Each structure stands twice: as structure tokens, then as C-alpha cells.
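*Asks:* Following this message is one structure expressed as C-alpha cells.
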There are 2 protein chains.
Amino acid sequence: MKQTKLKDIGEFSLINSLQKLIESSAPNNIDPKFQLVAGIGDDTAVWESPKSTQLLTTDTSVEGVHFNSINSQWDDIGWKAMTANLSDIAAMGGIPLYCVISLGLNPDSFTSDILSLYTGILEASNEYGCRVVGGDISKSVPEFINIALFGYCSQKPVTRFGAQVGESVAVTGTVGGALAGLKLLTNNQDKAFSSLTKLERQHVITTHNRPHSARIHEGLKLASSGVSAAIDISDGLYADLSRLCDASKVSAKIHQPLLPVNNSLKSLSSKEQALLALQSGEEYELIYTAPSALVQQLNNSLLTPSTIIGEIIQQEAQSVTVLDRNNDQLCLQVDGWDHFITK
Amino acid sequence: MKQTKLKDIGEFSLINSLQKLIESSAPNNIDPKFQLVAGIGDDTAVWESPKSTQLLTTDTSVEGVHFNSINSQWDDIGWKAMTANLSDIAAMGGIPLYCVISLGLNPDSFTSDILSLYTGILEASNEYGCRVVGGDISKSVPEFINIALFGYCSQKPVTRFGAQVGESVAVTGTVGGALAGLKLLTNNQDKAFSSLTKLERQHVITTHNRPHSARIHEGLKLASSGVSAAIDISDGLYADLSRLCDASKVSAKIHQPLLPVNNSLKSLSSKEQALLALQSGEEYELIYTAPSALVQQLNNSLLTPSTIIGEIIQQEAQSVTVLDRNNDQLCLQVDGWDHFITK
């Protein structure tokens, strides 16, 4: 059977299909104090809001840069685009509420792929009662997905700039898997991963393609317990912790043996594990700073417990230093991701 | 002097420059009840909000589809991208407040062009005390600009679905100029416009490249006077009025001689004028429906007065009918704009 392409059905027919899909799966657990007045189909979305602290974030995924439909399913691409935004709300200790989705689409795209992309977006947003209330569709090759997500805090938001000298640095869950998955997807013969079992390979590929849900519940607990600073891992533990330190005007000392490396990578050398753990982006775990006693206490209530990986020290030239098991400084070439500089 | 390219300075240096530009021109007239707590440089923007009715909209401009840097200056491209979003807030009777900007950029772009683009965005947003509080930068060729704009209503918002049979249809300002400008930019020898003077040509080109400010003030007046429905002209008077009628489950009868055609087009035949007026998109004027007495009364207070162009009738098969000076139906091939269907 010939599959329908976007250029066959056109923009308005696509919008109708998307609207039906969105409305049929609209979450019914949105806080009634934020009642939606007008959603898709007006100049803007409209909702009522009580006195509150509000959050707005945006994130874009571009074909060939952030995703690739050869290596990933369309619903996974949508899930991940939404998760990237939800994770920013999680890092503030917020609750996601309403979002608008802008798509840049190739006229030769199959309609079924676009609906699948949107299904993934809705799966991720519905998990937290977050609702799509508008959007925009343009022609673009390469394709792109932009999401702007609105949320709120019922308590004081956790910014990046409150970390204090002497506090512990902790991270939820495990790290390293997403980058290993990406490397395997790009080169499934990659010798660096020859020690991984088939199941372990599959596991890290899934970690890359369809990361766990954003750590919204954990972010709420962090905010209510009053941790001093938090950030989510989107560009890598090393790069994102550096940002938190710069914003807080402190530095951090990280102990390599404490890094909670993804279990599927345990057959790698400790240096390989550390490199993956420090550089792996799109993990969507939360890094936070707090007195160590508070971290212990929090771990009794976090759905995804956290691990202390180091401590905050006075500001030095280097924002983050990594020490090996002998307390020697690891000389790692840990690059931040830069979209534009060609190396 | 060799101009710096994005690939020379990289993402983080660009973000620093943009942040400085944004902060140096941040408006100081934002309603203090919506105080910004954290702007650029955290996981999300954060602000305090009183009990209110809130608005969220998004709009994308793609190189080669919505804009072309051969025909337009970068600051004009930025101004227009922002105006498209502001206009959606205007159509609801809202006040724009905070926005996030996502750019897809070519590594070969000149840094000065990107800063110029941003300057145009800030010129348009500052006009209404609207502040850029975050964003996202990705690599993309073609380039794109996505804006998500948050605003609020201090009164009941004006939706598309309240138009009543018997009410007048009115439009602010004039129409037709933007499409004439686009046609002249694409083909400056276009015979259809041979009767226009040099000044008139320049005027309509400017109307296309740098449309007047969004009709925020007018939208506020429309909302406070209780007009029944409104929409802004982004895809053309005919297409957008059809949308308003469909949402309100009514139809509209438009009288061609009443169309407020851009003064620079007065040397064209009345049919050419009508076609331009009905199809010209990106005009950012407001179409609204109200009893004719209210339209007259409103015109005493609108900064940009409006013109009655027709009336709302019971729903017919055709959402909008256009009548000529003899009350005969004009058989115009008025197409909506569809990004994907190739004709």
C-alpha cells in the first residue's frame, strides 16, 4: 500500500489529524487551578492561573544534528524532544503544564511518521499531565522539532547559582549509557565496546534512543527539601556541572570511583567508564548540591536515588576537577559540545 | 577586514554576546507584578505571577520559506519574526511579557548578521516591554527562527469563536501592501506593478520587510470594549477571516469596494487591488467582529482606526463571500497558503 506523504495531504489536513491525536490523548490530571480556556485553534493558547512562580523553557532537535531517523524510531525522537524540555522543568523543581510544538517538516515525509513523532511527544508529556496547546508547522529540510514548555513551581525554584563551599555534589540515577548507545548506533562494530554483551548493547542503545522519563518527581523532592542548586544533564555531567559551578562562583572536585556508571558499561576499563560518564549528554539525570546529610535523607524518598560524586570547593581556575582512586588529577580531554566549531 | 563567522567563535561565545545584547536592551517597563526571578542562564526562565489569564503562542520563520537574506536585512527578519508572535497576542487582546528564542544557524553565518537579527527581535519586543528570557541555538541549514511568546490578559481574551450573525466585520489599518512588496522583491520588473511610482514601490517593499508594530494597543481596546471575535492577518484577510468564521460557525459577506487597500496600490485596477487585499499575508492587522455602532465608537480611540468591510451572516457552504460594487459575487481564485502541497 502506498504510504501518504505530507505533500499529498497538505498542511491543514495534517493539522486536523494532529489536533485529533492531541485531543484524544489529552491528560485529565492537570491542576484545575490552571484551567485551559482555549487550546489549539486560536491565535494563542489561553489558561487561567492562580498566583504562582512560573517557568518557561525551550529546546530544539534538528535532523542530522540531534536525531537521525535511520538510527531511531520516530516515536522515540518525539519522546526524547519532549523529555529534554521536561528535564529543564525538573531541574528547577517545577511541574510541567502546557506546551507548544513547532515542527519543520519535509514535504516528502510520510504522514504516518509525523503522527508517530507526535505520539512519542504525547507519551512523554502525558506522563506528567502536561498538555499540548498549540504549535506551528513549516516546511524545512532538515526537519526540526522545537518545543516551548510552560510550568510552575509550588515552592521556591532550584536555580544553578546557590551551591555552597563544603556541600556535596550528587547525581540521580546512572550516567554514561546515552553516549555509549550513540557510539554503538554510529558504529556497531566499535571496538571500544567489544566487551559488552548483546543485552548490554541493546540497553545502552535504548538509553540513547528513549531515555527514562524526566526526573520531575525527584526535582520536586529536591526543591521541597531546599537543596542549594541543581541542573539537568543535557550536554554531559562535566559540562553541566561546570555550568552550575560557574553560575554559583565555586568549583567542584569529583571522585572518579564514585561516578554512578551505567551497569551495562561495567566491563569497560575504569578510564573508559569515566570518560563516558563525564561526557555523556542527553542523560536527563539531575545534578544537585546539598549538605551530605541532606543527600542521605533525600535518598529515602527519591524514586531514583542519587549518588554523592564529589564536593563543592572554593572557585579555582578550573570549574571541575576529577580525581582518580589515588587522588591524582585525571587529565581527561573532556570537551563540551559545541554545535558550530569544526574540530 | 575579515568578518567573523559563527564557526570561528562557536556556540558559547555567541551565547555570551547575545546575552550581553539582550541584557543591555532589556525593557524596564514590565509590569512589576510579573517580576523576573531568573532569566537567561538557568534551566528555565522563572517569574512571579499574580492570578491572571495567561497566553502562549509560537511561530517559526524558515530561510527560503518565510525569509530570504538576499531580499531582506537581518534586523528586519528579526523584527518580523517577533512581530508575527506579538500579533497573535494582540489578536487575543493580551499584553506580551516574556519570550524564548530558538535559532537554527548556519556555521558559515557572519556573527554580525546574527547580532543584527537579534537586534531586530529586540527592537520589536522592546516596543511593548516584552523581554527575551531564554532560548536555544542549534546548527541548521536552512536557518530558522522560532519564538515562543508568553503574555497575559487583564480582561476577558478575545477568541475566534464569538462572531454573531448581523455583526459587522472590521479590519484595522490597510491591507495588500505586504504581498505587493513580496512580488516586487521577487521580480522587480513585475508588469502588474508598472503603474506604481518609485516611492510607492519602496513603500510596499518596506511593508513586506518591516511591517508596522503589532496591534497590541488596538487589541487591548477591542478586548475592553467586548468585541465578539478577533484574529490577526498572518495568512491573508480571506484565509484568516475564513478561520474566524469556521471557529464561530458563521459565514461572512465582504464588500470589495470597502476593502481598505494600501494607498500605494491605488493606481492598480480594482480587481488587482482586491486580490492583493484579500490574499496578502503577514499584514499583522486585526480583523474583528462587533455591532457596527461599537466599531464606530472604537474608531474614536483606536491608534490605528478600523474599517467595516462586511457583515456576519448565517453559516453557508462558503465561509467568506466577496461581492463587487454591483453586489455580484466576485469569482476569485483565492488560495490559502499551504506549505506542503506543490501546485
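By convention in this document, the chains of the C-alpha cells carry letters A, B, ... by their order, each chain's residues are numbered from 1, and ligands are numbered from 1 in the order they are shown.
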Kindly provide, as an MDAnalysis selection string, the residues of chain A having any atom no farther than 6 Å from an atom of chain B, counting only C-alpha atoms.

*Replies:* chainID A and resid 7 10:11 43:57 59 88 107 136 139 338:341

*Asks:* Could you name the residues that touch A:Val261 at 7 Å or less, counting only C-alpha atoms, but leaving out those on the same chain fewer than 6 positions away, as a list in words?

*Replies:*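 Once the nearby chain positions are removed, what remains is Thr174, Val175, Gly176, Gln273 and Ala277 of chain A.
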
*Asks:* Let me see the file: selected residues, N, CA and C atoms, as a CSV table (one decimal), in the first residue's frame.

*Replies:*
chain,number,residue,atom,x,y,z
A,174,THR,N,22.0,6.8,36.9
A,174,THR,CA,23.3,6.4,36.4
A,174,THR,C,23.6,7.2,35.1
A,175,VAL,N,24.9,7.3,34.8
A,175,VAL,CA,25.3,8.1,33.6
A,175,VAL,C,26.3,7.3,32.7
A,176,GLY,N,26.4,7.7,31.5
A,176,GLY,CA,27.4,7.1,30.5
A,176,GLY,C,26.7,6.3,29.4
A,273,GLN,N,35.1,4.1,31.3
A,273,GLN,CA,33.8,4.3,32.1
A,273,GLN,C,33.7,5.8,32.5
A,277,ALA,N,31.0,8.5,31.4
A,277,ALA,CA,30.1,9.1,32.5
A,277,ALA,C,30.2,10.6,32.5

*Asks:* Hey, what does DSSP flag as alpha helix (DSSP H) within stretch 127-306 of chain A? Can you give it to me as an MDAnalysis selection string?

*Replies:* chainID A and resid 177:186 198:209 216:225 237:248 270:279 292:299

*Asks:* Output C-alpha atoms for every residue in the selection just made, as a PDB file, in the first residue's frame.

*Replies:*
ATOM      1  CA  GLY A 177      24.783   4.941  28.811  1.00  0.00           C
ATOM      2  CA  ALA A 178      23.425   7.511  26.358  1.00  0.00           C
ATOM      3  CA  LEU A 179      26.838   8.288  24.830  1.00  0.00           C
ATOM      4  CA  ALA A 180      27.746   4.596  24.619  1.00  0.00           C
ATOM      5  CA  GLY A 181      24.434   3.985  22.847  1.00  0.00           C
ATOM      6  CA  LEU A 182      25.091   6.807  20.394  1.00  0.00           C
ATOM      7  CA  LYS A 183      28.575   5.475  19.622  1.00  0.00           C
ATOM      8  CA  LEU A 184      27.201   1.985  19.004  1.00  0.00           C
ATOM      9  CA  LEU A 185      24.441   3.340  16.771  1.00  0.00           C
ATOM     10  CA  THR A 186      27.003   5.257  14.721  1.00  0.00           C
ATOM     11  CA  LYS A 198      24.258  -8.172  23.218  1.00  0.00           C
ATOM     12  CA  LEU A 199      21.831  -7.294  26.014  1.00  0.00           C
ATOM     13  CA  GLU A 200      24.145  -4.578  27.347  1.00  0.00           C
ATOM     14  CA  ARG A 201      24.485  -3.083  23.862  1.00  0.00           C
ATOM     15  CA  GLN A 202      20.737  -3.067  23.442  1.00  0.00           C
ATOM     16  CA  HIS A 203      20.330  -1.476  26.851  1.00  0.00           C
ATOM     17  CA  VAL A 204      22.625   1.492  26.165  1.00  0.00           C
ATOM     18  CA  ILE A 205      21.111   1.997  22.705  1.00  0.00           C
ATOM     19  CA  THR A 206      17.691   2.236  24.347  1.00  0.00           C
ATOM     20  CA  THR A 207      19.159   4.649  26.915  1.00  0.00           C
ATOM     21  CA  HIS A 208      20.187   6.854  23.989  1.00  0.00           C
ATOM     22  CA  ASN A 209      17.038   6.479  21.901  1.00  0.00           C
ATOM     23  CA  ILE A 216      10.105  15.583  37.659  1.00  0.00           C
ATOM     24  CA  HIS A 217       9.297  13.730  40.894  1.00  0.00           C
ATOM     25  CA  GLU A 218      12.925  13.919  42.016  1.00  0.00           C
ATOM     26  CA  GLY A 219      13.101  17.641  41.178  1.00  0.00           C
ATOM     27  CA  LEU A 220      10.026  18.291  43.341  1.00  0.00           C
ATOM     28  CA  LYS A 221      11.658  16.492  46.280  1.00  0.00           C
ATOM     29  CA  LEU A 222      14.910  18.427  45.784  1.00  0.00           C
ATOM     30  CA  ALA A 223      13.026  21.727  45.768  1.00  0.00           C
ATOM     31  CA  SER A 224      10.925  20.916  48.838  1.00  0.00           C
ATOM     32  CA  SER A 225      13.976  19.784  50.803  1.00  0.00           C
ATOM     33  CA  LEU A 237      27.952  15.666  33.591  1.00  0.00           C
ATOM     34  CA  TYR A 238      31.282  17.513  33.241  1.00  0.00           C
ATOM     35  CA  ALA A 239      29.936  20.347  31.060  1.00  0.00           C
ATOM     36  CA  ASP A 240      26.715  20.808  33.024  1.00  0.00           C
ATOM     37  CA  LEU A 241      28.376  20.645  36.454  1.00  0.00           C
ATOM     38  CA  SER A 242      30.868  23.244  35.167  1.00  0.00           C
ATOM     39  CA  ARG A 243      27.918  25.495  34.310  1.00  0.00           C
ATOM     40  CA  LEU A 244      26.409  25.061  37.757  1.00  0.00           C
ATOM     41  CA  CYS A 245      29.799  25.889  39.344  1.00  0.00           C
ATOM     42  CA  ASP A 246      30.309  28.962  37.151  1.00  0.00           C
ATOM     43  CA  ALA A 247      26.817  30.230  37.982  1.00  0.00           C
ATOM     44  CA  SER A 248      27.449  29.658  41.711  1.00  0.00           C
ATOM     45  CA  SER A 270      37.696   2.450  34.594  1.00  0.00           C
ATOM     46  CA  LYS A 271      39.094   5.231  32.423  1.00  0.00           C
ATOM     47  CA  GLU A 272      36.677   4.423  29.586  1.00  0.00           C
ATOM     48  CA  GLN A 273      33.813   4.331  32.058  1.00  0.00           C
ATOM     49  CA  ALA A 274      34.834   7.699  33.493  1.00  0.00           C
ATOM     50  CA  LEU A 275      35.092   9.330  30.070  1.00  0.00           C
ATOM     51  CA  LEU A 276      31.633   8.105  29.101  1.00  0.00           C
ATOM     52  CA  ALA A 277      30.136   9.096  32.456  1.00  0.00           C
ATOM     53  CA  LEU A 278      31.587  12.611  32.309  1.00  0.00           C
ATOM     54  CA  GLN A 279      30.827  13.356  28.655  1.00  0.00           C
ATOM     55  CA  SER A 292      25.777  15.328  52.617  1.00  0.00           C
ATOM     56  CA  ALA A 293      23.301  14.587  55.425  1.00  0.00           C
ATOM     57  CA  LEU A 294      20.511  16.029  53.281  1.00  0.00           C
ATOM     58  CA  VAL A 295      21.551  13.841  50.327  1.00  0.00           C
ATOM     59  CA  GLN A 296      21.315  10.741  52.557  1.00  0.00           C
ATOM     60  CA  GLN A 297      17.932  11.831  53.841  1.00  0.00           C
ATOM     61  CA  LEU A 298      16.656  12.614  50.315  1.00  0.00           C
ATOM     62  CA  ASN A 299      17.630   9.159  49.109  1.00  0.00           C
TER      63      ASN A 299
END

*Asks:* In Å, with one decimal, what is the gap from atom CA of B:Asn327 to atom CA of B:Ile254?

*Replies:* 9.9 Å

*Asks:* Counting only C-alpha atoms, which residue out of A:Ser228, A:Ser116, A:Asn326, A:Asn29 sits closest to A:Cys130?

*Replies:*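 Closest residue, counting only C-alpha atoms: A:Asn29.
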
*Asks:* Return the single residue from A:Val169, A:Thr119, A:Gly236, A:Gly310 that is closest to A:His255, with distances computed using only C-alpha atoms.

*Replies:*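 Once distances to A:His255 are computed over only C-alpha atoms, the minimum belongs to A:Gly310.
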
*Asks:* What is the atom CA of B:Asp235-atom CA of B:Ala214 distance in Å, reported with one decimal?

*Replies:*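 Between atom CA of B:Asp235 and atom CA of B:Ala214 the gap works out to 14.9 Å.
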
*Asks:* Mind pulling up the distance from atom CA of B:Leu303 to atom CA of B:Ser267?

*Replies:*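 These atoms are spaced 26.8 Å apart.
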
*Asks:* Just the residues within 8 Å of B:Met82, please, counting only C-alpha atoms, with nothing from its chain fewer than 3 positions along; format it as a PDB file with N, CA and C atoms, in the first residue's frame.

*Replies:*
ATOM      1  N   GLY B  78      14.479  39.701  11.869  1.00  0.00           N
ATOM      2  CA  GLY B  78      14.238  39.524  13.305  1.00  0.00           C
ATOM      3  C   GLY B  78      12.996  40.273  13.767  1.00  0.00           C
ATOM      4  N   TRP B  79      12.857  41.510  13.317  1.00  0.00           N
ATOM      5  CA  TRP B  79      11.690  42.327  13.662  1.00  0.00           C
ATOM      6  C   TRP B  79      10.398  41.614  13.266  1.00  0.00           C
ATOM      7  N   ASN B  85       4.671  36.909  16.272  1.00  0.00           N
ATOM      8  CA  ASN B  85       4.242  36.399  17.577  1.00  0.00           C
ATOM      9  C   ASN B  85       3.469  37.439  18.376  1.00  0.00           C
ATOM     10  N   LEU B  86       3.984  38.676  18.376  1.00  0.00           N
ATOM     11  CA  LEU B  86       3.291  39.757  19.099  1.00  0.00           C
ATOM     12  C   LEU B  86       1.875  39.930  18.563  1.00  0.00           C
ATOM     13  N   ILE B 121      14.896  41.538  16.565  1.00  0.00           N
ATOM     14  CA  ILE B 121      13.990  40.852  17.506  1.00  0.00           C
ATOM     15  C   ILE B 121      13.760  41.740  18.730  1.00  0.00           C
ATOM     16  N   ALA B 124      11.602  44.936  18.143  1.00  0.00           N
ATOM     17  CA  ALA B 124      10.157  44.660  18.108  1.00  0.00           C
ATOM     18  C   ALA B 124       9.623  44.328  19.500  1.00  0.00           C
ATOM     19  N   SER B 125      10.382  43.543  20.271  1.00  0.00           N
ATOM     20  CA  SER B 125       9.871  43.133  21.586  1.00  0.00           C
ATOM     21  C   SER B 125       9.899  44.300  22.573  1.00  0.00           C
ATOM     22  N   ILE B 147      10.097  31.523  17.848  1.00  0.00           N
ATOM     23  CA  ILE B 147       9.852  32.316  19.048  1.00  0.00           C
ATOM     24  C   ILE B 147       8.633  31.745  19.757  1.00  0.00           C
TER      25      ILE B 147
END
